[in-house]
Amino acid sequence: MIRIAVDAMGGDYAPREVVHGAVLAAREYGVAIQLVGVPEAIQSELKRHSTAGLEISIVPATEIVAMDEKPSRAVTRKKDSSIVVTTKQVAEGLADGMVAAGSTGAAAVAAQIGLGRIKNVDRSAIACLMPTCTPNRCIVIDVGANVECDPNQLLQFGLMGSILAKGLMNIDKPTVGLLNIGTEETKGNQLVQDAYKLLKEHANINFIGFVEGRDFPMGKCNVVVTDGFTGNVALKTAEGISKMITVMLRHELLRTVPGRLASVMAKPALIALKQRIDYNEAGGALLVGVKGVCVIAHGGSRSVAIKNAIRVAKDMVVADVVRKIETTLNVTTVSALSAACLAISLGCIT
């Protein structure tokens, strides 16, 4: 049975919604749940649910990292915080993956310190599953872990994103695009120009070229590679537009009697639409490049989002994503990357 450690004290609605979501996941996905945090608080919430026959245990942790604390300082000082103990469960082989819904920074720092980066991975990255017009979601990597990147790191993001797409969406040869201000090869700054050459030359990446911000919601590619600053802006913009459309649609439908009648008739379609664009359905973002499965849920996650975050963690374990990244980014690959970077700097790749 797959074991998922869950930070029960992280998030705006912890521990109630986290515990509820964990119970739902244990029942629906058949995973063993380890709820990490203050035992009394967790036990109190568990009493609200029927847990007979479910593999749910409590792992004690006496401290909590608040959302407004500086991540690096909090993680290093609070050795018995729920996020640190959750990470230790994975690091020590007591859990197969982890889910956290508190501070994104604290979860990322704890995972990088506690789990460590995979050999030959320059920087870990946060990957997000974005909705598209197609049945498949699009993986955007990076969406916030690295404000500044070099071309080699963007290449690694492309490799890790491809592995995620294969494992989580069962796509044999996922298409990879590089986010830019235009699709022409001459567009963009030096970073994307150099990264373009590396991605284009790599045999294990099905690279389709530059893509614009309007392309990936339409399903033009399976993986979008970008630096963390640009990716986070794209993510937050998409979230804002989604909320705006929802508010505007509700307003227009309820503004008139015909609109209200139409909303009743269209209710099933509207519910289906909401499920496709709701971040609760995606579960959470994936911290890739570390030696363990780590899913970071939205700070405002309710029980459904927590349940789906646990599902994503389970899927990553089943897909053996961490080992595949380790195998792909081996010494031979890194040597090839270094040679390619040198070729770019010498002008051998044009």
# chains A, B, ... in the order shown; residues from 1 in each chain; ligands from 1
>>> select_by_dssp(residues="region 6-233 of chain A", states="strand (DSSP E)", output="PyMOL selection string")
chain A and resi 6-7+32-37+56-60+97-100+125-130+138-141+175-179+206-211+223-225
>>> write_last_selection(atoms="C-alpha atoms", output="PDB file, in the first residue's frame")
ATOM      1  CA  VAL A   6       0.323  14.838   4.989  1.00  0.00           C
ATOM      2  CA  ASP A   7       1.149  18.048   6.847  1.00  0.00           C
ATOM      3  CA  ALA A  32      -2.183   4.753   3.810  1.00  0.00           C
ATOM      4  CA  ILE A  33      -2.292   8.257   5.278  1.00  0.00           C
ATOM      5  CA  GLN A  34       0.122   9.632   7.869  1.00  0.00           C
ATOM      6  CA  LEU A  35      -1.287  12.833   9.391  1.00  0.00           C
ATOM      7  CA  VAL A  36       1.569  14.906  10.778  1.00  0.00           C
ATOM      8  CA  GLY A  37       0.960  17.525  13.448  1.00  0.00           C
ATOM      9  CA  ILE A  56      -4.739   6.444   8.885  1.00  0.00           C
ATOM     10  CA  SER A  57      -2.083   7.130  11.508  1.00  0.00           C
ATOM     11  CA  ILE A  58      -0.881  10.196  13.413  1.00  0.00           C
ATOM     12  CA  VAL A  59       2.760  11.303  13.451  1.00  0.00           C
ATOM     13  CA  PRO A  60       3.405  13.825  16.265  1.00  0.00           C
ATOM     14  CA  GLY A  97       5.376  10.779  -0.820  1.00  0.00           C
ATOM     15  CA  MET A  98       4.239  13.947   0.936  1.00  0.00           C
ATOM     16  CA  VAL A  99       1.530  16.588   0.634  1.00  0.00           C
ATOM     17  CA  ALA A 100       1.641  20.049   2.201  1.00  0.00           C
ATOM     18  CA  ALA A 125      11.306  23.400  -9.935  1.00  0.00           C
ATOM     19  CA  ILE A 126       7.600  23.727  -9.277  1.00  0.00           C
ATOM     20  CA  ALA A 127       5.370  22.235 -11.957  1.00  0.00           C
ATOM     21  CA  CYS A 128       1.672  23.075 -12.218  1.00  0.00           C
ATOM     22  CA  LEU A 129      -1.056  21.188 -14.090  1.00  0.00           C
ATOM     23  CA  MET A 130      -3.014  23.851 -15.989  1.00  0.00           C
ATOM     24  CA  CYS A 138      -0.678  21.243 -19.618  1.00  0.00           C
ATOM     25  CA  ILE A 139       2.352  21.073 -17.315  1.00  0.00           C
ATOM     26  CA  VAL A 140       3.910  24.497 -16.768  1.00  0.00           C
ATOM     27  CA  ILE A 141       7.391  24.346 -15.249  1.00  0.00           C
ATOM     28  CA  THR A 175       5.250  18.007 -26.851  1.00  0.00           C
ATOM     29  CA  VAL A 176       7.370  20.686 -25.174  1.00  0.00           C
ATOM     30  CA  GLY A 177       7.192  24.421 -25.832  1.00  0.00           C
ATOM     31  CA  LEU A 178       9.337  27.288 -24.542  1.00  0.00           C
ATOM     32  CA  LEU A 179       7.322  30.293 -23.333  1.00  0.00           C
ATOM     33  CA  ASN A 206       9.828  16.462 -28.413  1.00  0.00           C
ATOM     34  CA  PHE A 207      10.388  20.193 -28.796  1.00  0.00           C
ATOM     35  CA  ILE A 208       7.931  22.205 -30.930  1.00  0.00           C
ATOM     36  CA  GLY A 209       9.542  25.631 -30.499  1.00  0.00           C
ATOM     37  CA  PHE A 210       8.389  28.851 -28.873  1.00  0.00           C
ATOM     38  CA  VAL A 211       4.841  29.203 -27.557  1.00  0.00           C
ATOM     39  CA  VAL A 223       4.686  20.925 -21.383  1.00  0.00           C
ATOM     40  CA  VAL A 224       5.560  24.625 -21.173  1.00  0.00           C
ATOM     41  CA  VAL A 225       9.060  25.526 -20.025  1.00  0.00           C
TER      42      VAL A 225
END
>>> closest_atom_pairs(of="region 37-105 of chain A", to="region 276-299 of chain A", cutoff="10 Å", atoms="only C-alpha atoms", output="tab-separated table")
residue	atom	partner	partner_atom	distance
A:Met67	CA	A:Gly299	CA	8.6
A:Thr87	CA	A:Cys294	CA	8.5
A:Val90	CA	A:Gly292	CA	6.7
A:Ala91	CA	A:Gly292	CA	7.3
A:Gly93	CA	A:Gly292	CA	9.6
A:Ala95	CA	A:Gly292	CA	9.6
A:Asp96	CA	A:Val293	CA	7.0
A:Gly97	CA	A:Val293	CA	4.5
A:Met98	CA	A:Cys294	CA	5.0
A:Val99	CA	A:Val295	CA	4.8
A:Ala100	CA	A:Ile296	CA	5.1
A:Ala101	CA	A:Ala297	CA	4.4
A:Gly102	CA	A:Gly299	CA	5.3
A:Ser103	CA	A:Gly299	CA	6.8
A:Thr104	CA	A:Ile296	CA	6.6
A:Gly105	CA	A:Ile296	CA	9.7
>>> closest_residue(among="A:Ala108, A:Ala25, A:Met9, A:Met1", to="Ala66 (chain A)", atoms="only C-alpha atoms")
A:Met9
>>> closest_residue(among="A:Ala106, A:Leu155, A:Ala8, A:Leu168", to="Val321 (chain A)", atoms="only C-alpha atoms")
A:Leu168
>>> select_by_dssp(residues="region 14-225 of chain A", states="alpha helix (DSSP H)", output="VMD selection string")
chain A and resid 16 to 29 39 to 46 71 to 77 82 to 91 104 to 114 151 to 169 190 to 201
>>> closest_residue(among="A:Ile2, A:Ile64, A:Leu249, A:Ile118", to="Ser263 (chain A)", atoms="only C-alpha atoms")
A:Leu249
>>> atom_distance(atom1="CA of Asn189 (chain A)", atom2="CA of Val233 (chain A)")
17.4 Å
>>> atom_distance(atom1="CA of Asn180 (chain A)", atom2="CA of Glu212 (chain A)")
5.5 Å
>>> closest_residue(among="A:Ile163, A:Met248, A:Ile181, A:Val65", to="Asp215 (chain A)", atoms="only C-alpha atoms")
A:Ile181
>>> atom_distance(atom1="CA of Lys220 (chain A)", atom2="CA of Leu270 (chain A)")
24.2 Å
>>> residues_around(residues="Glu326 (chain A)", least_positions_apart="4", cutoff="7 Å", atoms="only C-alpha atoms", output="ChimeraX atom specification")
/A:118-119,322,330
>>> closest_residue(among="A:Ile245, A:Ile310, A:Ala74, A:Ala145", to="Ala5 (chain A)", atoms="only C-alpha atoms")
A:Ile310
>>> decode(residues="region 114-127 of chain A", atoms="N, CA, C and O atoms", output="tab-separated table (two decimals), in the first residue's frame")
chain	number	residue	atom	x	y	z
A	114	GLY	N	15.59	18.51	3.48
A	114	GLY	CA	15.34	17.18	4.03
A	114	GLY	C	15.51	16.04	3.05
A	114	GLY	O	16.01	14.97	3.40
A	115	LEU	N	15.11	16.26	1.79
A	115	LEU	CA	15.21	15.21	0.78
A	115	LEU	C	16.46	15.34	-0.06
A	115	LEU	O	17.05	14.35	-0.48
A	116	GLY	N	16.86	16.58	-0.30
A	116	GLY	CA	18.02	16.82	-1.14
A	116	GLY	C	17.66	16.78	-2.61
A	116	GLY	O	16.67	16.16	-3.00
A	117	ARG	N	18.45	17.46	-3.43
A	117	ARG	CA	18.22	17.44	-4.87
A	117	ARG	C	18.76	16.16	-5.49
A	117	ARG	O	19.74	15.59	-5.03
A	118	ILE	N	18.12	15.75	-6.55
A	118	ILE	CA	18.59	14.62	-7.34
A	118	ILE	C	19.95	14.98	-7.95
A	118	ILE	O	20.18	16.12	-8.37
A	119	LYS	N	20.84	14.00	-7.99
A	119	LYS	CA	22.16	14.23	-8.56
A	119	LYS	C	22.05	14.77	-9.98
A	119	LYS	O	21.27	14.27	-10.79
A	120	ASN	N	22.82	15.80	-10.26
A	120	ASN	CA	22.90	16.44	-11.58
A	120	ASN	C	21.73	17.37	-11.88
A	120	ASN	O	21.68	17.96	-12.97
A	121	VAL	N	20.80	17.54	-10.95
A	121	VAL	CA	19.75	18.54	-11.11
A	121	VAL	C	20.27	19.85	-10.52
A	121	VAL	O	20.58	19.92	-9.33
A	122	ASP	N	20.38	20.85	-11.36
A	122	ASP	CA	20.91	22.14	-10.89
A	122	ASP	C	19.97	22.79	-9.88
A	122	ASP	O	20.40	23.28	-8.84
A	123	ARG	N	18.68	22.81	-10.22
A	123	ARG	CA	17.69	23.42	-9.33
A	123	ARG	C	16.36	22.65	-9.43
A	123	ARG	O	15.96	22.27	-10.53
A	124	SER	N	15.74	22.48	-8.30
A	124	SER	CA	14.40	21.89	-8.33
A	124	SER	C	13.43	22.94	-8.86
A	124	SER	O	13.72	24.14	-8.85
A	125	ALA	N	12.28	22.50	-9.34
A	125	ALA	CA	11.31	23.40	-9.93
A	125	ALA	C	9.90	23.02	-9.50
A	125	ALA	O	9.65	21.88	-9.09
A	126	ILE	N	9.00	23.98	-9.59
A	126	ILE	CA	7.60	23.73	-9.28
A	126	ILE	C	6.82	23.61	-10.58
A	126	ILE	O	6.85	24.52	-11.41
A	127	ALA	N	6.17	22.48	-10.76
A	127	ALA	CA	5.37	22.23	-11.96
A	127	ALA	C	3.89	22.29	-11.60
A	127	ALA	O	3.47	21.77	-10.57
